[in-house]
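Undergrad: Here it is, the structure, as structure tokens.
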Amino acid sequence: MDLAYIPSPSTGVINLGPIPLRGYAFCIIIGVFVAVWYGNKRWIARGGTAGTVADIAVWAVPFGLVGGRLYHVITDYQLYFSEGENWVDAFKIWEGGLGIWGAIALGAVGAWIGCRRRGIPLPAYADAIAPGIAFAQAIGRWGNWFNQELYGRPTDLPWALKITEGANREAGLYHPTFLYESLWCVGVGFLVIWADRRFKLGHGRAFAVYVAAYCAGRVWTEYLRVDEAHHVLGLRLNVWTAIIVFVLAVVYIVVSSRLRPGREEIVEPKAEKSETSEDSEGSEKSAKSAKSAKDEASAKGEDDVAGGEPEDSVRDDAAENEEHGAGNGAGSAAKS
């Protein structure tokens, strides 16, 4: 008798009338939202403007979804184009099947287009969204739990995943590789945040740290999986992909650090120009205020001078009267 295990949902779809809400799609949507939200916070902290990350994500996300699906269909073509299979199923993305390698590769193309349209360097944008992507993957992996897919080898561990009988799967207890990878991605996200703060990573190196760290974890989670996959020299295709991408990411970090050390001072020229304009306007306003104050002071001084002339005349008249009065008094005294 199994005393402890992780249950699988009885269904991955909740129907709200005629509208089906699929757990897999729901996890993907939440992941995208988290990535954009946190990426926006990091972009603003780097000196960019609010909303830029979302504007570029409009290009990156669709490209990423297409790229992820293409990678899955190409590497697992037998699931859709073999005898007895329906090729139309290749378009049913809600049933699962997104390759992260294709999603990142084609998503980067979409991001490049968005960055180019706004005059923004792609490496700086990639650094800003890197930890958000890791957190998005952590959330997205729970979509595999809803679909009861991509689990590992049989196990009797207390945290084993219970899989029910279904198409292309046997009931039993298996390693919850979706959970392993989800927790690993959370750790990768925090690793990137720490490394970025500690070493002031720039020019795409924070993104490269994310890629290298994710690949390191993907090797062992992929090794545990038992779903059908192509093998090369005894290893699953995705294991080789993770190894190659890991090496490329590390090489990029080393070479980039030597060629372009430090971090970009300006990540969004538009934001810099806006700040400069605001500073100029502020200086002009200050100059105008100072000039107005000076003019008021001058005008006040002129009024004081103009107003002082009658006062002096009154004082002179009073002195003259006093002299005349004194003379008259002296004359009267002499006559007496």
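The chains in the structure tokens are called A, B, ... from first to last as shown; in each chain the residues are counted from 1, and the ligands are counted from 1 in the order shown.
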Can you tell me, as a PyMOL selection string, which residues in stretch 39-241 of chain A count as helix (DSSP H, G or I) by DSSP?
TA: chain A and resi 39-45+52-75+78-81+87-91+93-95+100-118+122-140+142-147+177-199+205-224+237-241
Undergrad: List the spatial neighbours of stretch 259-272 of chain A as an mmCIF file with C-alpha atoms, in the first residue's frame - criterion: any atom at most 8 Å away, only C-alpha atoms, same-chain residues fewer than 5 positions off excluded.
TA:
data_model
loop_
_atom_site.group_PDB
_atom_site.id
_atom_site.type_symbol
_atom_site.label_atom_id
_atom_site.label_comp_id
_atom_site.auth_asym_id
_atom_site.auth_seq_id
_atom_site.Cartn_x
_atom_site.Cartn_y
_atom_site.Cartn_z
ATOM 1 C CA ARG A 46 18.191 49.510 -15.413
ATOM 2 C CA GLY A 47 17.031 52.899 -16.698
ATOM 3 C CA GLY A 48 14.385 51.854 -19.226
ATOM 4 C CA THR A 49 10.795 53.047 -19.497
ATOM 5 C CA GLY A 119 16.250 51.059 -30.935
ATOM 6 C CA ILE A 120 17.082 48.882 -27.935
ATOM 7 C CA PRO A 121 20.063 46.475 -27.640
ATOM 8 C CA ALA A 124 20.280 44.365 -22.398
ATOM 9 C CA TYR A 125 16.659 43.305 -22.856
ATOM 10 C CA LYS A 200 26.882 43.754 -12.369
ATOM 11 C CA LEU A 201 26.306 41.522 -15.379
ATOM 12 C CA GLY A 202 25.666 43.158 -18.720
ATOM 13 C CA HIS A 203 25.747 42.636 -22.494
#
Undergrad: Rank nothing, just name the residue among A:Asn238, A:Thr164, A:Ser8, A:Asn40 nearest to A:Arg225, using only C-alpha atoms.
TA: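 Of all the options, A:Asn238 lies closest to A:Arg225.
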Undergrad: If you count only C-alpha atoms, which residues fall within 10 Å of A:Gly97, apart from same-chain ones fewer than 3 positions away, as a list in words?
TA: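 So the residues in contact are Tyr24, Gly68, Arg69, Leu70, Tyr71, His72, Val73, Asp76, Ala90, Lys92, Ile93, Trp94, Ile100, Asn144, Glu149 and Leu150 of chain A.
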Undergrad: Find the residues around A:Trp159 up to 7 Å (only C-alpha atoms counted), leave out those fewer than 3 positions away in its own chain, and share them as an MDAnalysis selection string.
TA: chainID A and resid 4:6
Undergrad: Convert the current residue selection to file output with C-alpha atoms, as a short mmCIF file (atom, residue, chain, number, x, y, z; two decimals), in the first residue's frame.
TA:
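Dumped to result36.cif:
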data_model
loop_
_atom_site.label_atom_id
_atom_site.label_comp_id
_atom_site.auth_asym_id
_atom_site.auth_seq_id
_atom_site.Cartn_x
_atom_site.Cartn_y
_atom_site.Cartn_z
CA ALA A 4 2.31 8.94 0.25
CA TYR A 5 2.42 10.21 -3.30
CA ILE A 6 1.55 13.25 -5.40
#
Undergrad: Find the distance between atom CA of A:Cys27 and atom CA of A:Asp127 and write it in Å to one decimal.
TA: 23.3 Å
Undergrad: Can you tell me, as a tab-separated table (two decimals) with N, CA, C and O atoms, in the first residue's frame, what residues are no more than 12 Å from A:Lys162 when counting only C-alpha atoms, ignoring any on the same chain fewer than 6 positions away?
TA:
chain	number	residue	atom	x	y	z
A	2	ASP	N	0.56	2.17	-0.88
A	2	ASP	CA	1.32	3.40	-0.98
A	2	ASP	C	0.76	4.41	0.01
A	2	ASP	O	-0.41	4.81	-0.07
A	3	LEU	N	1.60	4.85	0.95
A	3	LEU	CA	1.15	5.76	1.98
A	3	LEU	C	1.22	7.22	1.55
A	3	LEU	O	0.49	8.05	2.05
A	4	ALA	N	2.14	7.54	0.65
A	4	ALA	CA	2.31	8.94	0.25
A	4	ALA	C	2.68	9.01	-1.23
A	4	ALA	O	3.47	8.21	-1.71
A	5	TYR	N	2.09	9.94	-1.90
A	5	TYR	CA	2.42	10.21	-3.30
A	5	TYR	C	1.74	11.51	-3.71
A	5	TYR	O	0.87	12.02	-3.01
A	6	ILE	N	2.17	12.04	-4.85
A	6	ILE	CA	1.55	13.25	-5.40
A	6	ILE	C	0.45	12.81	-6.37
A	6	ILE	O	0.73	12.12	-7.35
A	7	PRO	N	-0.79	13.16	-6.11
A	7	PRO	CA	-1.86	12.75	-7.02
A	7	PRO	C	-1.85	13.56	-8.30
A	7	PRO	O	-1.40	14.70	-8.33
A	8	SER	N	-2.35	12.98	-9.35
A	8	SER	CA	-2.52	13.70	-10.61
A	8	SER	C	-3.97	14.13	-10.73
A	8	SER	O	-4.87	13.45	-10.21
A	9	PRO	N	-4.24	15.23	-11.39
A	9	PRO	CA	-5.64	15.67	-11.54
A	9	PRO	C	-6.42	14.69	-12.41
A	9	PRO	O	-5.88	14.07	-13.33
A	10	SER	N	-7.69	14.54	-12.09
A	10	SER	CA	-8.53	13.62	-12.86
A	10	SER	C	-8.76	14.11	-14.27
A	10	SER	O	-9.02	13.34	-15.19
A	145	TRP	N	1.89	18.49	-15.32
A	145	TRP	CA	1.17	17.77	-14.26
A	145	TRP	C	-0.31	17.63	-14.63
A	145	TRP	O	-0.90	16.56	-14.46
A	146	PHE	N	-0.91	18.70	-15.16
A	146	PHE	CA	-2.31	18.63	-15.57
A	146	PHE	C	-2.51	17.60	-16.68
A	146	PHE	O	-3.54	16.92	-16.73
A	148	GLN	N	-0.54	14.96	-17.21
A	148	GLN	CA	0.07	13.68	-16.84
A	148	GLN	C	1.08	13.23	-17.90
A	148	GLN	O	0.97	12.14	-18.46
A	149	GLU	N	2.10	14.06	-18.09
A	149	GLU	CA	3.09	13.77	-19.11
A	149	GLU	C	4.49	14.14	-18.61
A	149	GLU	O	4.66	14.84	-17.61
A	151	TYR	N	6.82	12.48	-17.12
A	151	TYR	CA	7.23	12.00	-15.80
A	151	TYR	C	8.47	11.11	-15.94
A	151	TYR	O	8.90	10.78	-17.06
A	152	GLY	N	9.06	10.74	-14.81
A	152	GLY	CA	10.31	9.98	-14.83
A	152	GLY	C	10.12	8.49	-14.62
A	152	GLY	O	9.05	7.93	-14.88
A	153	ARG	N	11.17	7.88	-14.12
A	153	ARG	CA	11.17	6.43	-13.93
A	153	ARG	C	10.27	6.05	-12.74
A	153	ARG	O	9.97	6.88	-11.89
A	154	PRO	N	9.88	4.78	-12.67
A	154	PRO	CA	9.08	4.32	-11.52
A	154	PRO	C	9.88	4.49	-10.23
A	154	PRO	O	11.10	4.32	-10.20
A	155	THR	N	9.19	4.84	-9.16
A	155	THR	CA	9.84	5.04	-7.86
A	155	THR	C	8.84	4.81	-6.74
A	155	THR	O	7.62	4.91	-6.95
A	156	ASP	N	9.36	4.51	-5.54
A	156	ASP	CA	8.50	4.36	-4.37
A	156	ASP	C	8.78	5.46	-3.33
A	156	ASP	O	8.44	5.32	-2.16
A	169	ARG	N	0.26	5.77	-21.79
A	169	ARG	CA	0.83	5.78	-20.44
A	169	ARG	C	0.24	4.65	-19.60
A	169	ARG	O	-0.93	4.25	-19.79
A	170	GLU	N	1.05	4.15	-18.67
A	170	GLU	CA	0.64	3.08	-17.77
A	170	GLU	C	0.50	3.63	-16.36
A	170	GLU	O	1.27	4.49	-15.93
A	171	ALA	N	-0.50	3.13	-15.66
A	171	ALA	CA	-0.72	3.57	-14.29
A	171	ALA	C	0.45	3.14	-13.40
A	171	ALA	O	1.06	2.09	-13.61
A	172	GLY	N	0.80	3.98	-12.43
A	172	GLY	CA	1.89	3.66	-11.53
A	172	GLY	C	2.42	4.90	-10.83
A	172	GLY	O	1.86	6.00	-10.97
A	173	LEU	N	3.50	4.71	-10.08
A	173	LEU	CA	4.15	5.80	-9.36
A	173	LEU	C	5.49	6.09	-10.02
A	173	LEU	O	6.31	5.18	-10.18
A	174	TYR	N	5.72	7.35	-10.35
A	174	TYR	CA	6.91	7.72	-11.11
A	174	TYR	C	7.57	8.96	-10.48
A	174	TYR	O	6.95	9.70	-9.71
A	175	HIS	N	8.82	9.20	-10.89
A	175	HIS	CA	9.51	10.42	-10.46
A	175	HIS	C	8.78	11.63	-11.05
A	175	HIS	O	8.53	11.69	-12.26
A	176	PRO	N	8.44	12.62	-10.21
A	176	PRO	CA	7.77	13.83	-10.73
A	176	PRO	C	8.78	14.80	-11.34
A	176	PRO	O	9.12	15.83	-10.76
Undergrad: Give me, as a CSV table (one decimal) with all heavy atoms, in the first residue's frame, the residues of stretch 27-163 of chain A that a backbone DSSP run labels strand (DSSP E or B).
TA:
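Output saved as states.csv:
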chain,number,residue,atom,x,y,z
A,152,GLY,N,9.1,10.7,-14.8
A,152,GLY,CA,10.3,10.0,-14.8
A,152,GLY,C,10.1,8.5,-14.6
A,152,GLY,O,9.1,7.9,-14.9
A,154,PRO,N,9.9,4.8,-12.7
A,154,PRO,CA,9.1,4.3,-11.5
A,154,PRO,C,9.9,4.5,-10.2
A,154,PRO,O,11.1,4.3,-10.2
A,154,PRO,CB,8.8,2.8,-11.8
A,154,PRO,CG,8.9,2.7,-13.3
A,154,PRO,CD,10.0,3.7,-13.7
A,161,LEU,N,5.0,10.5,-8.1
A,161,LEU,CA,3.8,11.1,-8.8
A,161,LEU,C,2.9,9.9,-9.3
A,161,LEU,O,3.4,9.0,-10.0
A,161,LEU,CB,4.2,11.9,-10.1
A,161,LEU,CG,3.1,12.4,-11.0
A,161,LEU,CD1,2.3,13.4,-10.3
A,161,LEU,CD2,3.7,13.0,-12.3
A,162,LYS,N,1.6,9.9,-8.9
A,162,LYS,CA,0.7,8.9,-9.3
A,162,LYS,C,0.1,9.2,-10.7
A,162,LYS,O,-0.5,10.2,-10.9
A,162,LYS,CB,-0.4,8.7,-8.3
A,162,LYS,CG,-1.3,7.5,-8.6
A,162,LYS,CD,-2.4,7.3,-7.6
A,162,LYS,CE,-3.2,6.1,-7.9
A,162,LYS,NZ,-4.2,5.9,-6.8
A,163,ILE,N,0.4,8.3,-11.7
A,163,ILE,CA,-0.1,8.4,-13.0
A,163,ILE,C,-1.3,7.4,-13.2
A,163,ILE,O,-1.1,6.2,-12.9
A,163,ILE,CB,1.0,8.2,-14.1
A,163,ILE,CG1,2.1,9.3,-13.9
A,163,ILE,CG2,0.4,8.2,-15.5
A,163,ILE,CD1,1.6,10.7,-14.2
Undergrad: Given only C-alpha atoms as the basis, pick out the residue of A:Val53, A:Leu79, A:Ala60, A:Ile139 nearest to A:Ala108.
TA: A:Ala60
